[in-house]
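Below: one structure, written as structure tokens.
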Amino acid sequence: MSVINLKIIWIEKRAADYCSFFCLLLLLFIPAQAALQTAGNVTRVSQPKTNGVVLETSSRAKVSIEFFDINVVRIRIAPSGAFERDFSYAIDYSLDRKTPVVKISQNAREIILTNYYGTKVIIRKTPFSIKITDESGKTILEDDTKHPTLFDKSTGEIQTTKLRKSEVETYYGFGEKAFTGMSRHGQYIVNWNTDTFSYPIGTDPIYQSIPFFYALYDGKTYGLYFNNTFRTYFDMGKTSPERYVFGADGGDLDYFVFTGGYERSPKKVLEDYAHLTGKTPLPPIWALGNHQSRWSYFPESRVREIAAGFRSRKIPADAIHLDIDYMDGYRVFTWDKTRFPNPKKMISDLKNHGFKTVLIIDPGVKVDEKYSIYADGKEQGMFVKNPDSSELQRDVWPKASAFPDFTDQKARLWFGDQFKKHLDEGIAGFWTDMNEPATFMTEKTEKPESFHHPAKTFPVNTPHAGDGFPDTHRRYHNLYGMQMARSTFEGVKKLAPERRPFVLTRAGFAGVQRYSAVWTGDNYASWDHLALTIPMLANLSVSGVPFVGSDVGGFNEMPSGELYARWLQAAALTPFLRSHSVGWVKNKEPWEFGDDFTRINRASIELRYQFLPYLYTLFREHELTGQPVMRPLWYQYPDDKQTYLIDDEYMVGNDILVAPVVKQGMTTRGIYLPVGAEWLDWWTGEKIESGKIHYLQPPLDRIPIFARVGAVIPTQSTIQHTGEMPSAVVTLNVIAGISPGKTEKAILYQDAGEGYGYKLKEWQEARIEHQKEKLNISYTGSFNGQKPLYIQAIGIRQRPREIRIDGHPVHMFEFDKDNHRLKIELTKQAKEISLIF
């Protein structure tokens with residue numbers, strides 16, 4: 001071979017090595033008007049740490065990569081060369097964290113961080129890129145080196161690109177999104193909280209911004225949280241199916257990767273995400289009851305009429321919400337004394353009938369020098385300013401209004417103190433609205449008045465205090481609603497320390513769950529909006545926000561009797577249950593659709609109250625572990641790929657699967673039951689094969705519910721409100737059919753339902769172990785809760801020959817052969833129940 005040929009071969013080989021380098025070099029010399037550049041090459045490990053490294057690059061950007069927790073990797077890229085303040089409103093700094101120690105090694109090409117379990121972060125030096133692998137060497141997350149991280153130092157824009165494992169890799173979470181389908185693959189997502197009344201399907205963005213998602217492929221999961229509060233975007237394979245891209249209009253590129261632990265499971269991802277951003281404190285038990293609302297119930301006589309309507313018809317309810325028309329000219333923290341001459345007595349009377357009163361509170365404070373709240377806030381400098389330091393004023397319900405700067409601790413404390421009057425009146429909960437923040441367009445607004453018009457919120461150059469890190473609305477817009485909810489929660493907790501606050505918010509950001517429940521805003525009375533509630537609420541739930549619901553029946557326009565009934569059925573076992581409506585349509589209370597629908601709607605709400613012991617136990621589980629109350633099927637069964645796209649079913653905890661009817665006139669409904677468990681029809685006790693679609697005929701008066709074989713599910717007798725729970729009869733529903741030799745465990749959690757005695761062990765847990773034909777019950781905790789009075793075995797096909805409780809034979813029991821049920825009355829201290837066939 002000639003010398004020339006040898007040189008050609010050498011050049012071709014080196015060309016392959018340097019191709020990516022020259023491509024990146026070209027990006028560094030693109031025209032100045034674009035100004036996008038890459039991080040370039042790693043030039044120096046400037047600051048090794050016990051859990052990671054800080055790197056300098058040829059672009060002068062600085063990079064920090066660390067194991068934030070044992071299964072959590074944090075990557076920060078500061079284009080300016082200086083990291084921003086290491087503080088995030090999303091992170092719960094009250095939680096204890098142990099910084100892991102990792103092994104750091106490097107060679108000429110790579111720097112490698114290895115944690116205790118063998119998870120690796122492989123940092124390529126030239127050009128800079130990142131790859132994360134699990135202990136077996138399989139890729140968790142990988143940069144797309146053909147499309148490197150880019151930033152523009154002049155505008156603050158920044159983005160990064162990751163390779164997808166496959167075009168069928170699916171994505172979930174992202175909080176509240178109005179897209180059809182459960183997975184977010186192939187979608188372009190924007191986070192910028194916006195007031196979107198009666199939003200059409202597919203509208204984005206809407207009220208909430210939670211830049212956190214799961215990636216799921218072949219049963220393995222990882223999570224990613226983009227810790228950036230600017231307007232952010234995610235292109236999840238829409239533009240190019242080989243990759244996904246995310247970025248922001250400003251700030252550092254700061255993101256956390258949740259590896260999912262040894263099993264790479266969704267549950268571990270959420271456990272670690274919840275340990276980062278916090279969990280929802282155990283709500284008061286009444287907040288899990290049925291809520292009724294309308295824009296608006298007034299005057300006082302109408303509120304009393306609504307309350308009487310529930311009680312006279314024996315339809316359970318716990319709360320009535322009052323919308324903006326209770327106020328004096330829409331002035332927050334006031335009453336219209338013509339409509340409500342004696343609110344304290346009304347609230348007291350409602351309480352005596354088992355109703356809590358919840359008030360809406362908006363952030364806009366009417367500009368009126370004679371209005372004490374405004375005058376005090378102005379004097380103390382609590383309101384948002386314009387860039388010229390004048391007071392920012394925008395029209396909302398009271399017309400010209402000022403707005404507290406909730407990114408300032410002084411303003412949060414001041415606003416929180418305003419709740420004292422309403423708490424003294426007996427108000428039980430608060431509903432924060434219009435906090436995207438939303439403002440009204442006027443005749444001066446530039447036309448056309450588009451759905452996402454910039455005049456619908458503060459100007460982006462509006463300054464905010466930022467708790468010591470001042471910046472504009474570009475950075476703090478998405479945080480405004482969450483910080484209003486925080487101000488409300490913390491204010492109520494300070495003023496009424498013996499009570500658990502109930503706060504409901506329309507707008508929020510990652511971490512909002514620490515302060516508030518969330519509802520999905522101003523939806524529409526249509527079948528497609530009903531169907532939308534399942535993927536919306538399920539994805540919110542796995543985004544760390546467990547206390548979620550939608551307006552039953554649709555907020556805007558009037559549902560048919562069938563639509564309202566099916567919606568109420570679909571919502572009956574969701575975490576938050578509230579019916580709500582605009583004021584310009586007919587009445588939408590559960591009894592307003594005729595006698596047949598009244599009966600159906602009553603049964604749906606009764607079902608919720610029967611399941612309250614189970615739901616309350618799940619909320620306690622969330623507070624301890626971060627696990628959601630409502631769960632999509634893929635979350636519970638990631639190894640069953642048939643679950644990945646199911647968007648019309650949901651789990652309640654581990655043990656209940658709900659398959660609502662979400663199409664008009666549907667008489668046959670296909671239902672899929674996941675592989676990994678065996679299932680019984682809750683109503684008939686019939687065993688149904690998993691791993692296939694079954695076509696059932698759900699009647700109009702019944703919601704399809706299925707229970708996992710081996711589960712023990714606590715329920716209670718029907719009550720009219722949660723104040724009656726201490727006298728309710730508790731039943732343990734044992735789902736029969738467990739395999740020989742297998743043991744299932746369950747818990748029934750009880751406490752006072754209010755206050756913080758449960759933090760001092762004033763709680764009771766019934767701990768249940770279920771084996772084939774045997775049940776063991778033990779109790780722990782100092783609270784004197786209701787002991788289960790009955791065992792109901794579901795799925796029993798023959799009458800037992802003998803039943804024993806603590807070794808003694810029992811002769812009085814009920815056996816329903818047609819519905820495969822066996823009901824046994826227990827003694828108060830029953831510990832072991834056994835069946836002999």
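As shown in the structure tokens, the chain order sets the letters A, B, ...; within each chain, residues go from 1, and ligands are also counted from 1 in the order they appear.
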
Near-His477 of chain A list (10 Å; only C-alpha atoms; drop same-chain fewer than 2 positions) as a CSV table (one decimal) with C-alpha atoms, in the first residue's frame:
chain,number,residue,atom,x,y,z
A,192,TRP,CA,-46.7,30.1,31.5
A,193,ASN,CA,-49.7,30.3,33.9
A,194,THR,CA,-52.7,31.8,32.1
A,229,THR,CA,-39.4,29.5,36.8
A,230,PHE,CA,-39.2,31.5,33.5
A,231,ARG,CA,-41.4,30.6,30.6
A,407,THR,CA,-42.4,37.0,46.4
A,435,ASN,CA,-53.7,34.2,40.8
A,436,GLU,CA,-51.9,33.4,37.6
A,437,PRO,CA,-51.9,36.5,38.1
A,457,THR,CA,-51.2,39.4,33.2
A,458,PHE,CA,-48.6,41.8,34.5
A,459,PRO,CA,-46.1,43.3,32.0
A,460,VAL,CA,-43.0,41.1,31.9
A,462,THR,CA,-42.7,44.4,36.3
A,464,HIS,CA,-40.6,41.7,42.1
A,472,THR,CA,-38.9,40.9,36.8
A,473,HIS,CA,-42.1,39.2,36.1
A,474,ARG,CA,-40.3,37.1,33.5
A,475,ARG,CA,-38.8,35.1,36.4
A,479,LEU,CA,-44.6,31.5,41.1
A,480,TYR,CA,-47.2,34.2,41.9
A,481,GLY,CA,-50.2,31.8,42.4
A,509,PHE,CA,-45.9,25.8,40.3

### Task
Give me every strand (DSSP E or B) residue in segment 674-716 of chain A, going by DSSP on the backbone, as a PyMOL selection string.
chain A and resi 679-681+687-688+693-696+705-708+712-716

May I have the selected residues written with all heavy atoms, as a compact mmCIF listing (two decimals), in the first residue's frame?
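part-v9.txt, written as the output of this step:
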# COMPACT_ATOMS: atom_id res chain seq x y z
N TRP A 679 -58.27 -9.54 39.44
CA TRP A 679 -59.29 -8.53 39.67
C TRP A 679 -60.67 -9.14 39.85
O TRP A 679 -61.02 -10.13 39.21
CB TRP A 679 -59.33 -7.55 38.50
CG TRP A 679 -58.01 -6.88 38.26
CD1 TRP A 679 -57.02 -7.30 37.43
CD2 TRP A 679 -57.53 -5.71 38.91
NE1 TRP A 679 -55.94 -6.44 37.51
CE2 TRP A 679 -56.23 -5.45 38.40
CE3 TRP A 679 -58.06 -4.83 39.86
CZ2 TRP A 679 -55.47 -4.37 38.83
CZ3 TRP A 679 -57.30 -3.75 40.28
CH2 TRP A 679 -56.02 -3.53 39.76
N LEU A 680 -61.46 -8.47 40.72
CA LEU A 680 -62.87 -8.80 40.88
C LEU A 680 -63.71 -7.58 40.57
O LEU A 680 -63.30 -6.44 40.84
CB LEU A 680 -63.18 -9.24 42.33
CG LEU A 680 -62.59 -10.53 42.85
CD1 LEU A 680 -63.10 -10.78 44.27
CD2 LEU A 680 -62.91 -11.70 41.96
N ASP A 681 -64.88 -7.81 40.01
CA ASP A 681 -65.88 -6.76 39.87
C ASP A 681 -66.40 -6.42 41.26
O ASP A 681 -66.89 -7.28 41.99
CB ASP A 681 -67.02 -7.25 38.97
CG ASP A 681 -68.04 -6.17 38.66
OD1 ASP A 681 -68.50 -5.49 39.60
OD2 ASP A 681 -68.40 -6.01 37.48
N LYS A 687 -64.84 -12.76 39.20
CA LYS A 687 -63.44 -12.62 38.84
C LYS A 687 -63.33 -12.35 37.34
O LYS A 687 -64.01 -12.97 36.54
CB LYS A 687 -62.66 -13.88 39.20
CG LYS A 687 -61.14 -13.71 39.09
CD LYS A 687 -60.42 -14.92 39.66
CE LYS A 687 -58.92 -14.72 39.62
NZ LYS A 687 -58.20 -15.88 40.19
N ILE A 688 -62.46 -11.37 36.98
CA ILE A 688 -62.31 -10.97 35.58
C ILE A 688 -60.84 -11.09 35.21
O ILE A 688 -59.96 -10.60 35.91
CB ILE A 688 -62.83 -9.54 35.35
CG1 ILE A 688 -64.31 -9.46 35.76
CG2 ILE A 688 -62.66 -9.13 33.90
CD1 ILE A 688 -64.93 -8.10 35.57
N ILE A 693 -59.02 -6.89 27.15
CA ILE A 693 -60.13 -5.93 27.19
C ILE A 693 -61.43 -6.70 27.34
O ILE A 693 -61.69 -7.66 26.59
CB ILE A 693 -60.15 -5.07 25.92
CG1 ILE A 693 -58.87 -4.22 25.86
CG2 ILE A 693 -61.37 -4.15 25.92
CD1 ILE A 693 -58.74 -3.42 24.59
N HIS A 694 -62.24 -6.28 28.28
CA HIS A 694 -63.56 -6.89 28.49
C HIS A 694 -64.62 -5.85 28.13
O HIS A 694 -64.51 -4.68 28.50
CB HIS A 694 -63.73 -7.32 29.94
CG HIS A 694 -62.73 -8.32 30.40
ND1 HIS A 694 -62.93 -9.67 30.32
CD2 HIS A 694 -61.47 -8.16 30.91
CE1 HIS A 694 -61.87 -10.31 30.79
NE2 HIS A 694 -60.97 -9.41 31.15
N TYR A 695 -65.64 -6.28 27.43
CA TYR A 695 -66.72 -5.37 27.03
C TYR A 695 -67.92 -5.61 27.92
O TYR A 695 -68.57 -6.65 27.87
CB TYR A 695 -67.06 -5.59 25.55
CG TYR A 695 -65.93 -5.13 24.66
CD1 TYR A 695 -64.96 -6.04 24.22
CD2 TYR A 695 -65.78 -3.80 24.29
CE1 TYR A 695 -63.90 -5.62 23.43
CE2 TYR A 695 -64.73 -3.37 23.50
CZ TYR A 695 -63.79 -4.29 23.08
OH TYR A 695 -62.74 -3.87 22.31
N LEU A 696 -68.16 -4.63 28.80
CA LEU A 696 -69.21 -4.73 29.79
C LEU A 696 -70.30 -3.71 29.49
O LEU A 696 -70.08 -2.76 28.73
CB LEU A 696 -68.63 -4.49 31.19
CG LEU A 696 -67.44 -5.38 31.58
CD1 LEU A 696 -66.95 -5.01 32.98
CD2 LEU A 696 -67.80 -6.85 31.50
N ILE A 705 -66.31 -0.45 38.85
CA ILE A 705 -65.22 -0.45 39.83
C ILE A 705 -64.71 -1.89 39.97
O ILE A 705 -65.51 -2.83 40.02
CB ILE A 705 -65.69 0.07 41.20
CG1 ILE A 705 -66.17 1.51 41.08
CG2 ILE A 705 -64.57 -0.03 42.25
CD1 ILE A 705 -66.75 2.07 42.37
N PHE A 706 -63.40 -2.03 40.06
CA PHE A 706 -62.78 -3.34 40.18
C PHE A 706 -61.79 -3.31 41.34
O PHE A 706 -61.13 -2.29 41.59
CB PHE A 706 -62.10 -3.74 38.87
CG PHE A 706 -63.04 -3.70 37.71
CD1 PHE A 706 -63.23 -2.51 37.00
CD2 PHE A 706 -63.78 -4.80 37.35
CE1 PHE A 706 -64.13 -2.45 35.95
CE2 PHE A 706 -64.69 -4.75 36.31
CZ PHE A 706 -64.87 -3.57 35.60
N ALA A 707 -61.69 -4.41 42.06
CA ALA A 707 -60.83 -4.49 43.23
C ALA A 707 -59.77 -5.56 43.01
O ALA A 707 -60.03 -6.61 42.42
CB ALA A 707 -61.67 -4.81 44.47
N ARG A 708 -58.59 -5.27 43.51
CA ARG A 708 -57.46 -6.19 43.35
C ARG A 708 -57.58 -7.36 44.32
O ARG A 708 -57.81 -7.17 45.52
CB ARG A 708 -56.16 -5.43 43.62
CG ARG A 708 -54.89 -6.23 43.37
CD ARG A 708 -53.66 -5.39 43.63
NE ARG A 708 -53.61 -4.95 45.02
CZ ARG A 708 -53.13 -5.69 46.02
NH1 ARG A 708 -52.70 -6.92 45.79
NH2 ARG A 708 -53.12 -5.20 47.25
N VAL A 712 -57.46 -5.54 51.11
CA VAL A 712 -58.44 -5.33 52.18
C VAL A 712 -58.75 -3.84 52.18
O VAL A 712 -57.87 -3.01 52.45
CB VAL A 712 -57.91 -5.78 53.55
CG1 VAL A 712 -58.96 -5.53 54.63
CG2 VAL A 712 -57.51 -7.24 53.52
N ILE A 713 -60.00 -3.49 51.88
CA ILE A 713 -60.40 -2.11 51.61
C ILE A 713 -61.43 -1.68 52.65
O ILE A 713 -62.53 -2.23 52.71
CB ILE A 713 -60.98 -1.99 50.19
CG1 ILE A 713 -59.92 -2.42 49.17
CG2 ILE A 713 -61.46 -0.57 49.93
CD1 ILE A 713 -60.48 -2.74 47.81
N PRO A 714 -61.09 -0.68 53.48
CA PRO A 714 -62.06 -0.24 54.49
C PRO A 714 -63.12 0.69 53.90
O PRO A 714 -62.83 1.57 53.10
CB PRO A 714 -61.19 0.52 55.50
CG PRO A 714 -60.03 1.02 54.69
CD PRO A 714 -59.80 0.00 53.61
N THR A 715 -64.35 0.48 54.28
CA THR A 715 -65.46 1.37 53.93
C THR A 715 -66.28 1.63 55.19
O THR A 715 -66.04 1.03 56.24
CB THR A 715 -66.36 0.77 52.84
OG1 THR A 715 -66.88 -0.49 53.30
CG2 THR A 715 -65.60 0.56 51.54
N GLN A 716 -67.25 2.53 55.07
CA GLN A 716 -68.11 2.82 56.21
C GLN A 716 -69.56 2.94 55.74
O GLN A 716 -69.84 3.04 54.54
CB GLN A 716 -67.69 4.11 56.89
CG GLN A 716 -67.88 5.36 56.06
CD GLN A 716 -67.37 6.63 56.72
OE1 GLN A 716 -66.78 6.60 57.78
NE2 GLN A 716 -67.59 7.77 56.06

### Task
Tell me which of A:Gly250, A:Pro704, A:Gly508, A:Gly289 sits closest to Tyr233 of chain A, counting only C-alpha atoms.
A:Gly250

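The smallest atom-to-atom distance between Thr126 of chain A and any of A:Asn342, A:Asn71, A:Thr155, A:Ser58, using only C-alpha atoms, is found for A:Ser58.
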
### Task
Can you list, as a PyMOL selection string, all residues belonging to segment 513-633 of chain A that DSSP tags as helix (DSSP H, G or I)?
chain A and resi 513-514+527-541+561-571+595-610+612-625+633

Contacts of segment 97-100 of chain A at 9 Å (only C-alpha atoms; same-chain gap of 4+ positions) as a PDB file with N, CA and C atoms, in the first residue's frame:
ATOM      1  N   THR A  50     -17.531  16.254  47.414  1.00  0.00           N
ATOM      2  CA  THR A  50     -17.722  14.865  47.830  1.00  0.00           C
ATOM      3  C   THR A  50     -18.803  14.181  47.027  1.00  0.00           C
ATOM      4  N   ASN A  51     -19.735  14.968  46.475  1.00  0.00           N
ATOM      5  CA  ASN A  51     -20.855  14.370  45.740  1.00  0.00           C
ATOM      6  C   ASN A  51     -20.879  14.750  44.266  1.00  0.00           C
ATOM      7  N   PHE A  67     -24.499  14.250  42.609  1.00  0.00           N
ATOM      8  CA  PHE A  67     -25.566  13.408  43.140  1.00  0.00           C
ATOM      9  C   PHE A  67     -26.192  14.181  44.292  1.00  0.00           C
ATOM     10  N   PHE A  68     -27.335  14.805  44.009  1.00  0.00           N
ATOM     11  CA  PHE A  68     -28.043  15.596  45.011  1.00  0.00           C
ATOM     12  C   PHE A  68     -28.557  14.694  46.123  1.00  0.00           C
ATOM     13  N   ASP A  69     -28.975  13.507  45.737  1.00  0.00           N
ATOM     14  CA  ASP A  69     -29.399  12.451  46.644  1.00  0.00           C
ATOM     15  C   ASP A  69     -28.912  11.151  46.038  1.00  0.00           C
ATOM     16  N   ILE A  70     -29.118  10.055  46.726  1.00  0.00           N
ATOM     17  CA  ILE A  70     -28.518   8.811  46.264  1.00  0.00           C
ATOM     18  C   ILE A  70     -29.021   8.393  44.884  1.00  0.00           C
ATOM     19  N   ASN A 115     -22.158   6.439  42.103  1.00  0.00           N
ATOM     20  CA  ASN A 115     -22.734   6.420  43.451  1.00  0.00           C
ATOM     21  C   ASN A 115     -22.597   5.031  44.074  1.00  0.00           C
ATOM     22  N   TYR A 116     -23.127   4.903  45.273  1.00  0.00           N
ATOM     23  CA  TYR A 116     -22.980   3.668  46.060  1.00  0.00           C
ATOM     24  C   TYR A 116     -23.514   2.443  45.325  1.00  0.00           C
ATOM     25  N   HIS A 275     -39.641  14.074  47.884  1.00  0.00           N
ATOM     26  CA  HIS A 275     -38.656  14.422  48.909  1.00  0.00           C
ATOM     27  C   HIS A 275     -37.924  15.706  48.547  1.00  0.00           C
TER      28      HIS A 275
END

### Summary
Counting only C-alpha atoms, the residue among A:Ile671, A:Ala411, A:Leu775, A:Ala565 that lies closest to Arg702 of chain A is A:Ala565

### Task
Check the smallest atom-to-atom distance from each of A:Met482, A:Ala35, A:Ile65, A:Val548 to Ala510 of chain A using only C-alpha atoms, then report the winner.
A:Met482

### Pro638 of chain A environment, 12 Å, only C-alpha atoms, sequence neighbours closer than 5 positions dropped, as an NGL selection string
:A and (170 or 214-222 or 263-267 or 631-633 or 643-645 or 674-676)

Now that the selection is made, can you save its residues with C-alpha atoms as a PDB file, in the first residue's frame?
ATOM      1  CA  THR A 170     -43.751   7.711  26.567  1.00  0.00           C
ATOM      2  CA  TYR A 214     -41.471  10.803  33.685  1.00  0.00           C
ATOM      3  CA  ALA A 215     -39.968   8.911  30.768  1.00  0.00           C
ATOM      4  CA  LEU A 216     -41.118   5.286  30.480  1.00  0.00           C
ATOM      5  CA  TYR A 217     -39.726   2.683  28.120  1.00  0.00           C
ATOM      6  CA  ASP A 218     -39.847  -1.110  28.388  1.00  0.00           C
ATOM      7  CA  GLY A 219     -40.868  -0.989  32.057  1.00  0.00           C
ATOM      8  CA  LYS A 220     -38.012   1.296  33.124  1.00  0.00           C
ATOM      9  CA  THR A 221     -38.568   4.874  34.276  1.00  0.00           C
ATOM     10  CA  TYR A 222     -36.681   8.025  35.042  1.00  0.00           C
ATOM     11  CA  GLU A 263     -35.932  -1.035  40.019  1.00  0.00           C
ATOM     12  CA  ARG A 264     -36.122   2.127  37.863  1.00  0.00           C
ATOM     13  CA  SER A 265     -39.743   2.407  39.017  1.00  0.00           C
ATOM     14  CA  PRO A 266     -42.258   5.291  38.797  1.00  0.00           C
ATOM     15  CA  LYS A 267     -42.950   4.938  42.521  1.00  0.00           C
ATOM     16  CA  ARG A 631     -52.895   6.947  39.939  1.00  0.00           C
ATOM     17  CA  PRO A 632     -52.726   6.208  36.220  1.00  0.00           C
ATOM     18  CA  LEU A 633     -52.512   2.519  35.376  1.00  0.00           C
ATOM     19  CA  THR A 643     -51.391   0.392  30.315  1.00  0.00           C
ATOM     20  CA  TYR A 644     -49.130   3.081  28.856  1.00  0.00           C
ATOM     21  CA  LEU A 645     -51.784   4.856  26.802  1.00  0.00           C
ATOM     22  CA  PRO A 674     -53.667  -4.776  34.088  1.00  0.00           C
ATOM     23  CA  VAL A 675     -51.357  -7.762  34.213  1.00  0.00           C
ATOM     24  CA  GLY A 676     -49.592  -8.059  37.554  1.00  0.00           C
TER      25      GLY A 676
END

### Task
Tell me which protein, DNA and RNA residues are within 7 Å of Ala78 of chain A, counting only C-alpha atoms, leaving out same-chain ones fewer than 2 positions away, and put them as JSON, numbers by chain.
{"A": [61, 62, 63, 76, 80, 81, 82, 83, 252, 253]}

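Minimum atom-to-atom distance to Trp584 of chain A, evaluated using only C-alpha atoms, belongs to A:Met558 out of A:Ala766, A:Leu826, A:Met558, A:Ala793.
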
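Take the candidates A:Ala428, A:Gln513, A:Phe406, A:Asp648 and check each one against Gln483 of chain A using only C-alpha atoms; the shortest distance goes to A:Phe406.
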
### Message
For Pro205 of chain A, find every residue with an atom within 12 Å (counting only C-alpha atoms), except residues of its own chain fewer than 4 positions away, and show them as number ranges by chain.
### Response
A: 174-179, 188-197, 199-201, 209-211, 231-234, 436, 451-453, 478, 507

### Message
Applying 10 Å and only C-alpha atoms, which residues near Ala517 of chain A remain after dropping the ones on its own chain fewer than 4 positions away? List them as an NGL selection string.
### Response
:A and (280 or 283 or 287 or 431 or 485 or 502-506 or 508 or 512-513 or 545-549 or 575-576)

Export N, CA and C atoms of the chosen residues as an mmCIF file, in the first residue's frame?
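Dumped everything to selection_18.cif:
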data_model
loop_
_atom_site.group_PDB
_atom_site.id
_atom_site.type_symbol
_atom_site.label_atom_id
_atom_site.label_comp_id
_atom_site.auth_asym_id
_atom_site.auth_seq_id
_atom_site.Cartn_x
_atom_site.Cartn_y
_atom_site.Cartn_z
ATOM 1 N N THR A 280 -48.121 16.975 50.500
ATOM 2 C CA THR A 280 -49.317 17.647 51.022
ATOM 3 C C THR A 280 -49.561 17.205 52.452
ATOM 4 N N PRO A 283 -54.945 16.619 55.060
ATOM 5 C CA PRO A 283 -56.007 17.624 55.121
ATOM 6 C C PRO A 283 -57.025 17.311 56.213
ATOM 7 N N ALA A 287 -62.577 18.154 54.283
ATOM 8 C CA ALA A 287 -62.188 18.591 52.948
ATOM 9 C C ALA A 287 -62.262 17.448 51.929
ATOM 10 N N TRP A 431 -60.320 29.689 49.019
ATOM 11 C CA TRP A 431 -60.167 29.307 47.621
ATOM 12 C C TRP A 431 -59.532 30.494 46.903
ATOM 13 N N ALA A 485 -50.952 31.084 47.479
ATOM 14 C CA ALA A 485 -51.445 29.929 48.241
ATOM 15 C C ALA A 485 -50.609 29.729 49.502
ATOM 16 N N PHE A 502 -57.338 24.496 54.977
ATOM 17 C CA PHE A 502 -57.775 24.028 53.661
ATOM 18 C C PHE A 502 -57.679 25.200 52.700
ATOM 19 N N VAL A 503 -56.801 25.058 51.705
ATOM 20 C CA VAL A 503 -56.617 26.074 50.675
ATOM 21 C C VAL A 503 -56.780 25.384 49.324
ATOM 22 N N LEU A 504 -57.489 26.041 48.420
ATOM 23 C CA LEU A 504 -57.691 25.553 47.055
ATOM 24 C C LEU A 504 -57.194 26.636 46.106
ATOM 25 N N THR A 505 -56.308 26.285 45.174
ATOM 26 C CA THR A 505 -55.748 27.295 44.286
ATOM 27 C C THR A 505 -55.969 26.945 42.819
ATOM 28 N N ARG A 506 -56.092 27.997 41.996
ATOM 29 C CA ARG A 506 -56.207 27.793 40.549
ATOM 30 C C ARG A 506 -54.832 27.747 39.892
ATOM 31 N N GLY A 508 -50.469 27.586 40.091
ATOM 32 C CA GLY A 508 -49.423 27.041 40.942
ATOM 33 C C GLY A 508 -48.187 26.679 40.153
ATOM 34 N N VAL A 512 -46.393 23.390 44.851
ATOM 35 C CA VAL A 512 -47.657 23.966 45.323
ATOM 36 C C VAL A 512 -48.385 23.025 46.271
ATOM 37 N N GLN A 513 -48.095 21.721 46.159
ATOM 38 C CA GLN A 513 -48.789 20.734 46.993
ATOM 39 C C GLN A 513 -48.532 20.944 48.483
ATOM 40 N N VAL A 545 -48.803 16.378 43.111
ATOM 41 C CA VAL A 545 -49.946 17.144 43.632
ATOM 42 C C VAL A 545 -51.104 16.166 43.839
ATOM 43 N N PRO A 546 -51.297 15.658 45.055
ATOM 44 C CA PRO A 546 -52.283 14.586 45.248
ATOM 45 C C PRO A 546 -53.721 15.048 45.416
ATOM 46 N N PHE A 547 -53.910 16.294 45.891
ATOM 47 C CA PHE A 547 -55.258 16.752 46.249
ATOM 48 C C PHE A 547 -55.824 17.532 45.064
ATOM 49 N N VAL A 548 -56.409 16.808 44.100
ATOM 50 C CA VAL A 548 -56.811 17.393 42.824
ATOM 51 C C VAL A 548 -58.237 16.986 42.471
ATOM 52 N N GLY A 549 -58.893 17.864 41.712
ATOM 53 C CA GLY A 549 -60.236 17.583 41.223
ATOM 54 C C GLY A 549 -60.598 18.532 40.104
ATOM 55 N N PRO A 575 -59.547 12.596 44.291
ATOM 56 C CA PRO A 575 -59.176 13.141 45.604
ATOM 57 C C PRO A 575 -60.022 14.309 46.080
ATOM 58 N N PHE A 576 -60.399 15.223 45.175
ATOM 59 C CA PHE A 576 -61.192 16.393 45.557
ATOM 60 C C PHE A 576 -62.483 16.385 44.758
#

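A straight line drawn from atom CA of Thr334 of chain A to atom CA of Tyr207 of chain A is 26.3 Å long.
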